[in-house]
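Trainee: What follows is my_file.pdb, PDB, C-alpha atoms, pLDDT in the B column.
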```
ATOM      1  CA  MET A   1      -0.180  30.817  39.240  1.00 50.00           C
ATOM      2  CA  GLY A   2      -3.500  29.258  38.233  1.00 52.00           C
ATOM      3  CA  TYR A   3      -6.179  30.224  35.765  1.00 47.00           C
ATOM      4  CA  PRO A   4      -9.865  30.132  36.709  1.00 51.00           C
ATOM      5  CA  SER A   5     -10.821  28.266  33.514  1.00 53.00           C
ATOM      6  CA  LYS A   6      -9.147  25.557  31.423  1.00 59.00           C
ATOM      7  CA  GLN A   7      -8.063  28.108  28.858  1.00 59.00           C
ATOM      8  CA  THR A   8      -4.399  28.709  28.275  1.00 62.00           C
ATOM      9  CA  PRO A   9      -2.960  32.229  28.250  1.00 60.00           C
ATOM     10  CA  LYS A  10      -2.869  32.070  24.443  1.00 57.00           C
ATOM     11  CA  ASP A  11      -6.613  31.220  24.338  1.00 59.00           C
ATOM     12  CA  GLN A  12      -7.371  34.122  26.678  1.00 60.00           C
ATOM     13  CA  ARG A  13      -5.437  36.538  24.464  1.00 58.00           C
ATOM     14  CA  LEU A  14      -7.342  35.294  21.402  1.00 56.00           C
ATOM     15  CA  LEU A  15     -10.653  35.766  23.213  1.00 58.00           C
ATOM     16  CA  ARG A  16      -9.753  39.327  24.211  1.00 62.00           C
ATOM     17  CA  ASN A  17      -8.874  40.183  20.598  1.00 58.00           C
ATOM     18  CA  ASN A  18     -11.827  38.317  19.054  1.00 59.00           C
ATOM     19  CA  PRO A  19     -14.819  37.659  21.349  1.00 54.00           C
ATOM     20  CA  GLN A  20     -16.557  35.571  18.612  1.00 58.00           C
ATOM     21  CA  ALA A  21     -13.701  33.005  18.684  1.00 51.00           C
ATOM     22  CA  GLY A  22     -14.953  31.586  22.002  1.00 51.00           C
ATOM     23  CA  LYS A  23     -18.411  30.867  20.588  1.00 53.00           C
ATOM     24  CA  GLN A  24     -16.973  29.079  17.544  1.00 49.00           C
ATOM     25  CA  GLN A  25     -14.602  27.111  19.703  1.00 48.00           C
ATOM     26  CA  SER A  26     -17.357  25.825  21.978  1.00 47.00           C
ATOM     27  CA  LYS A  27     -19.250  24.327  18.999  1.00 46.00           C
ATOM     28  CA  GLN A  28     -16.212  22.515  17.640  1.00 46.00           C
ATOM     29  CA  PRO A  29     -15.866  19.717  20.249  1.00 46.00           C
ATOM     30  CA  GLN A  30     -19.526  18.738  19.831  1.00 44.00           C
ATOM     31  CA  GLN A  31     -19.016  18.314  16.092  1.00 44.00           C
ATOM     32  CA  GLN A  32     -15.904  16.227  16.608  1.00 44.00           C
ATOM     33  CA  LYS A  33     -17.611  13.949  19.127  1.00 42.00           C
ATOM     34  CA  SER A  34     -20.430  13.125  16.741  1.00 39.00           C
ATOM     35  CA  LYS A  35     -18.026  11.839  14.101  1.00 42.00           C
ATOM     36  CA  GLY A  36     -17.149   8.221  14.836  1.00 42.00           C
ATOM     37  CA  MET A  37     -14.807   5.652  13.331  1.00 43.00           C
ATOM     38  CA  SER A  38     -17.579   4.313  11.111  1.00 46.00           C
ATOM     39  CA  ASP A  39     -17.700   7.664   9.317  1.00 48.00           C
ATOM     40  CA  THR A  40     -14.069   7.454   8.182  1.00 48.00           C
ATOM     41  CA  PRO A  41     -13.441   5.763   4.825  1.00 52.00           C
ATOM     42  CA  SER A  42     -11.219   2.672   4.862  1.00 56.00           C
ATOM     43  CA  THR A  43      -9.465   3.123   1.525  1.00 71.00           C
ATOM     44  CA  ALA A  44      -5.918   2.529   2.763  1.00 83.00           C
ATOM     45  CA  LYS A  45      -4.292  -0.195   0.700  1.00 91.00           C
ATOM     46  CA  GLY A  46      -1.434  -2.334   1.823  1.00 93.00           C
ATOM     47  CA  TYR A  47       1.397  -3.521  -0.405  1.00 93.00           C
ATOM     48  CA  GLY A  48       3.149  -6.849  -0.738  1.00 96.00           C
ATOM     49  CA  ARG A  49       5.795  -8.731  -2.759  1.00 96.00           C
ATOM     50  CA  ILE A  50       5.271 -11.838  -4.855  1.00 97.00           C
ATOM     51  CA  TYR A  51       8.316 -13.552  -6.356  1.00 96.00           C
ATOM     52  CA  VAL A  52       7.898 -15.299  -9.708  1.00 95.00           C
ATOM     53  CA  ASP A  53      10.711 -17.604 -10.811  1.00 92.00           C
ATOM     54  CA  MET A  54      11.666 -18.107 -14.446  1.00 90.00           C
ATOM     55  CA  HIS A  55       9.558 -21.301 -14.722  1.00 89.00           C
ATOM     56  CA  ASN A  56       6.386 -19.311 -14.006  1.00 91.00           C
ATOM     57  CA  ALA A  57       7.351 -16.122 -15.852  1.00 91.00           C
ATOM     58  CA  PRO A  58       5.679 -15.208 -19.151  1.00 91.00           C
ATOM     59  CA  GLU A  59       7.053 -16.914 -22.270  1.00 88.00           C
ATOM     60  CA  GLY A  60       9.799 -15.023 -24.025  1.00 85.00           C
ATOM     61  CA  ILE A  61      10.817 -12.914 -21.042  1.00 86.00           C
ATOM     62  CA  LYS A  62      14.546 -13.042 -20.386  1.00 82.00           C
ATOM     63  CA  ILE A  63      16.646 -12.478 -17.307  1.00 81.00           C
ATOM     64  CA  PRO A  64      18.310  -9.049 -17.505  1.00 76.00           C
ATOM     65  CA  VAL A  65      22.013  -9.266 -18.356  1.00 72.00           C
ATOM     66  CA  SER A  66      24.130  -8.888 -15.231  1.00 65.00           C
ATOM     67  CA  GLY A  67      25.876  -5.529 -15.134  1.00 62.00           C
ATOM     68  CA  ARG A  68      23.219  -3.832 -17.271  1.00 60.00           C
ATOM     69  CA  ILE A  69      20.628  -3.592 -14.526  1.00 55.00           C
ATOM     70  CA  ALA A  70      19.816  -0.047 -13.437  1.00 59.00           C
ATOM     71  CA  TRP A  71      17.804   0.583 -10.292  1.00 55.00           C
ATOM     72  CA  ASP A  72      15.256   3.375 -10.004  1.00 52.00           C
ATOM     73  CA  MET A  73      15.778   4.579 -13.557  1.00 51.00           C
ATOM     74  CA  MET A  74      12.517   4.064 -15.423  1.00 50.00           C
ATOM     75  CA  GLU A  75       9.087   2.520 -15.203  1.00 54.00           C
ATOM     76  CA  ILE A  76       8.427  -0.152 -17.784  1.00 69.00           C
ATOM     77  CA  ARG A  77       4.661  -0.281 -18.225  1.00 79.00           C
ATOM     78  CA  GLU A  78       4.903  -3.022 -20.846  1.00 84.00           C
ATOM     79  CA  LEU A  79       6.496  -5.345 -18.281  1.00 88.00           C
ATOM     80  CA  VAL A  80       3.612  -4.788 -15.831  1.00 90.00           C
ATOM     81  CA  ASP A  81       1.095  -5.396 -18.628  1.00 91.00           C
ATOM     82  CA  LEU A  82       2.912  -8.594 -19.658  1.00 92.00           C
ATOM     83  CA  PHE A  83       2.719 -10.035 -16.131  1.00 94.00           C
ATOM     84  CA  GLN A  84      -0.923  -8.949 -15.710  1.00 93.00           C
ATOM     85  CA  ALA A  85      -1.813 -10.786 -18.921  1.00 94.00           C
ATOM     86  CA  HIS A  86       0.085 -13.943 -17.848  1.00 94.00           C
ATOM     87  CA  ILE A  87      -0.829 -14.193 -14.151  1.00 95.00           C
ATOM     88  CA  ASP A  88      -4.410 -14.280 -12.927  1.00 95.00           C
ATOM     89  CA  LEU A  89      -4.277 -12.849  -9.397  1.00 96.00           C
ATOM     90  CA  LEU A  90      -7.110 -12.977  -6.897  1.00 95.00           C
ATOM     91  CA  PRO A  91      -9.601 -10.154  -7.651  1.00 95.00           C
ATOM     92  CA  GLU A  92      -8.561  -7.995  -4.687  1.00 95.00           C
ATOM     93  CA  TYR A  93      -4.890  -7.788  -5.806  1.00 96.00           C
ATOM     94  CA  THR A  94      -3.459  -5.373  -8.383  1.00 95.00           C
ATOM     95  CA  ILE A  95       0.091  -5.399  -9.782  1.00 94.00           C
ATOM     96  CA  THR A  96       1.642  -1.942  -9.336  1.00 92.00           C
ATOM     97  CA  GLY A  97       5.263  -2.668 -10.236  1.00 91.00           C
ATOM     98  CA  VAL A  98       7.686  -5.304 -11.496  1.00 91.00           C
ATOM     99  CA  PHE A  99      11.443  -5.602 -11.116  1.00 88.00           C
ATOM    100  CA  PHE A 100      14.057  -8.333 -11.354  1.00 88.00           C
ATOM    101  CA  ASP A 101      15.599  -9.294  -8.007  1.00 88.00           C
ATOM    102  CA  VAL A 102      19.172 -10.294  -8.833  1.00 84.00           C
ATOM    103  CA  SER A 103      19.848 -11.978  -5.480  1.00 88.00           C
ATOM    104  CA  ARG A 104      16.840 -14.304  -5.862  1.00 91.00           C
ATOM    105  CA  ARG A 105      17.080 -14.576  -9.654  1.00 90.00           C
ATOM    106  CA  ALA A 106      13.330 -14.036  -9.816  1.00 92.00           C
ATOM    107  CA  TRP A 107      10.871 -11.360 -10.855  1.00 93.00           C
ATOM    108  CA  CYS A 108       9.341  -9.418  -7.977  1.00 94.00           C
ATOM    109  CA  LEU A 109       5.744  -8.292  -8.434  1.00 95.00           C
ATOM    110  CA  LEU A 110       4.664  -5.425  -6.219  1.00 94.00           C
ATOM    111  CA  VAL A 111       0.956  -5.757  -5.514  1.00 96.00           C
ATOM    112  CA  GLU A 112      -1.575  -3.688  -3.611  1.00 95.00           C
ATOM    113  CA  SER A 113      -4.795  -4.696  -1.894  1.00 95.00           C
ATOM    114  CA  GLU A 114      -7.143  -3.499   0.814  1.00 94.00           C
ATOM    115  CA  THR A 115      -6.794  -6.955   2.406  1.00 93.00           C
ATOM    116  CA  LEU A 116      -3.042  -6.573   2.976  1.00 93.00           C
ATOM    117  CA  PRO A 117      -1.870  -5.124   6.289  1.00 88.00           C
ATOM    118  CA  LEU A 118      -0.169  -1.745   6.327  1.00 87.00           C
ATOM    119  CA  PRO A 119       3.467  -2.160   7.398  1.00 84.00           C
ATOM    120  CA  GLU A 120       4.738  -0.440  10.525  1.00 86.00           C
ATOM    121  CA  PHE A 121       7.312   2.337  10.137  1.00 90.00           C
ATOM    122  CA  GLY A 122      10.647   0.810   9.133  1.00 91.00           C
ATOM    123  CA  GLU A 123       9.160  -2.575   8.157  1.00 90.00           C
ATOM    124  CA  MET A 124       9.498  -4.104   4.713  1.00 90.00           C
ATOM    125  CA  MET A 125       6.452  -4.918   2.646  1.00 91.00           C
ATOM    126  CA  PRO A 126       5.150  -8.369   3.545  1.00 94.00           C
ATOM    127  CA  LEU A 127       6.119 -11.333   1.401  1.00 96.00           C
ATOM    128  CA  LEU A 128       3.173 -13.124  -0.184  1.00 97.00           C
ATOM    129  CA  LEU A 129       3.426 -16.859  -0.801  1.00 97.00           C
ATOM    130  CA  PRO A 130       0.857 -17.764  -3.450  1.00 96.00           C
ATOM    131  CA  VAL A 131      -0.490 -21.172  -4.419  1.00 96.00           C
ATOM    132  CA  TRP A 132      -0.378 -21.314  -8.218  1.00 94.00           C
ATOM    133  CA  GLN A 133      -2.213 -23.496 -10.704  1.00 94.00           C
ATOM    134  CA  MET A 134      -1.333 -23.696 -14.387  1.00 92.00           C
ATOM    135  CA  GLY A 135      -4.409 -23.368 -16.573  1.00 90.00           C
ATOM    136  CA  GLU A 136      -5.062 -24.926 -19.950  1.00 91.00           C
ATOM    137  CA  ASP A 137      -4.612 -21.468 -21.443  1.00 89.00           C
ATOM    138  CA  LYS A 138      -0.982 -21.528 -20.117  1.00 87.00           C
ATOM    139  CA  ARG A 139      -1.845 -18.719 -17.721  1.00 92.00           C
ATOM    140  CA  ILE A 140      -0.974 -18.995 -14.044  1.00 94.00           C
ATOM    141  CA  HIS A 141      -3.917 -18.707 -11.667  1.00 95.00           C
ATOM    142  CA  MET A 142      -3.501 -17.734  -8.028  1.00 95.00           C
ATOM    143  CA  ILE A 143      -5.643 -20.067  -5.926  1.00 95.00           C
ATOM    144  CA  ASP A 144      -4.656 -18.905  -2.435  1.00 95.00           C
ATOM    145  CA  VAL A 145      -2.060 -16.719  -0.767  1.00 95.00           C
ATOM    146  CA  LYS A 146      -0.345 -16.649   2.607  1.00 96.00           C
ATOM    147  CA  VAL A 147       0.935 -13.336   3.995  1.00 94.00           C
ATOM    148  CA  MET A 148       4.356 -13.579   5.686  1.00 91.00           C
ATOM    149  CA  ARG A 149       5.366 -10.742   7.984  1.00 79.00           C
TER     150      ARG A 149
END
```
Output the file's structure as structure tokens, nothing else.
Mentor:
Amino acid sequence: MGYPSKQTPKDQRLLRNNPQAGKQQSKQPQQQKSKGMSDTPSTAKGYGRIYVDMHNAPEGIKIPVSGRIAWDMMEIRELVDLFQAHIDLLPEYTITGVFFDVSRRAWCLLVESETLPLPEFGEMMPLLLPVWQMGEDKRIHMIDVKVMR
């Protein structure tokens, strides 16, 4: 059983009930064709992980006591602010979170940037390996970074 046009039975029923629907539908593909990839904004930001050992951590920060670490309990904005004040990242990176990774005994900075790739479904965030330089102001400056997938 074939249909004379490329319309499905559902489309034909809609046209019978509302004759104006066919006119609106014929204009729609032309509008969609005119919109190209350059018209879509590229504001998707990727995320990555930077590990900071205790030698490069801000002064006065202590390792959390083992057994007292709670995961996913609270956001500590002061901790993010402390690392942002101590570490000078490249301009395109922003710290969005900080937590202590017990297995590595290091602080993990979660950063976002438009230059980072978006991970595929099921992938972990990429690991970023920065090149640090200690400044005279005792701040750490990121000189370069390598993205590990």
Trainee: A:Glu59, A:Leu127, A:Thr96, A:Glu136: which is nearest Met148 (chain A), counting all atoms listed in the file?
Mentor: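 The closest residue to Met148 (chain A) is A:Leu127.
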Trainee: I'd like the neighbourhood of Ile87 (chain A) as a PyMOL selection string, where a residue qualifies if any of its atoms comes within 8 Å (using only C-alpha atoms), though same-chain residues fewer than 2 positions away should be ignored.
Mentor: chain A and resi 83-85+89+139-142
Trainee: I'd like the residues picked by the PyMOL selection byres ((chain A and resi 51) around 6) written out as number ranges by chain, using the chain letters and numbers from the file.
Mentor: A: 50, 52, 107-108
Trainee: Output the selection as an mmCIF file, in the coordinates of the input - C-alpha atoms for each residue.
Mentor:
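Resulting contents of out.cif:
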```cif
data_model
loop_
_atom_site.group_PDB
_atom_site.id
_atom_site.type_symbol
_atom_site.label_atom_id
_atom_site.label_comp_id
_atom_site.auth_asym_id
_atom_site.auth_seq_id
_atom_site.Cartn_x
_atom_site.Cartn_y
_atom_site.Cartn_z
ATOM 1 C CA ILE A 50 5.271 -11.838 -4.855
ATOM 2 C CA VAL A 52 7.898 -15.299 -9.708
ATOM 3 C CA TRP A 107 10.871 -11.360 -10.855
ATOM 4 C CA CYS A 108 9.341 -9.418 -7.977
#
```
Trainee: Which is closer to Leu116 (chain A) than all the others in A:Lys138, A:Arg77, A:Lys45, A:Arg149, using only C-alpha atoms?
Mentor: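 Ranking A:Lys138, A:Arg77, A:Lys45, A:Arg149 by distance to Leu116 (chain A), first place goes to A:Lys45.
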Trainee: With a distance cut-off of 7 Å and all atoms listed in the file, select the neighbouring residues of Leu109 (chain A), excluding the residue or stretch itself and same-chain residues fewer than 4 positions from it, and output the selection as a list of chain:residue names.
Mentor: A:Arg49, A:Ile50, A:Tyr51, A:Ile95, A:Gly97, A:Val98, A:Phe99
Trainee: Kindly give the distance, in Å, that separates CA of Pro119 (chain A) and CA of Ala44 (chain A), rounded to a single decimal.
Mentor: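 If I compute the distance from CA of Pro119 (chain A) to CA of Ala44 (chain A), I get 11.5 Å.
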Trainee: Point out the residue among A:Leu110, A:Leu90, A:Leu118, A:Met125 with the least atom-to-atom distance to Thr43 (chain A), counting only C-alpha atoms.
Mentor: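 With only C-alpha atoms as the atom set, the closest residue is A:Leu118.
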Trainee: What gap, in Å, lies between CA of Thr94 (chain A) and CA of Ala57 (chain A)?
Mentor: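 Going from CA of Thr94 (chain A) over to CA of Ala57 (chain A) covers 17.0 Å.
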Trainee: Using only C-alpha atoms, which of A:Met54, A:Leu129, A:Val65, A:Val102 sits nearest Val145 (chain A)?
Mentor: A:Leu129
Trainee: Closest to Glu114 (chain A) among A:His86, A:Glu92, A:Pro126, A:Asn56, using only C-alpha atoms?
Mentor: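 Comparing A:His86, A:Glu92, A:Pro126, A:Asn56 against Glu114 (chain A), the winner is A:Glu92.
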Trainee: Hey, which of A:Tyr93, A:Ile61, A:Tyr47, A:Gln133 ends up closest to Glu78 (chain A)? Count all atoms listed in the file.
Mentor: A:Ile61
Trainee: Provide an axis-aligned box for all listed atoms of region 75-91 of chain A, padding each side by 4 Å; report its centre and its edge lengths in Å to one decimal, as JSON.
Mentor:
```
{"center_x": -0.3, "center_y": -5.9, "center_z": -13.9, "size_x": 26.7, "size_y": 24.8, "size_z": 21.9}
```
Trainee: Measure the distance from CA of Leu128 (chain A) to CA of Ala106 (chain A) in Å and round it to one decimal.
Mentor: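 We find that CA of Leu128 (chain A) and CA of Ala106 (chain A) lie 14.0 Å from each other.
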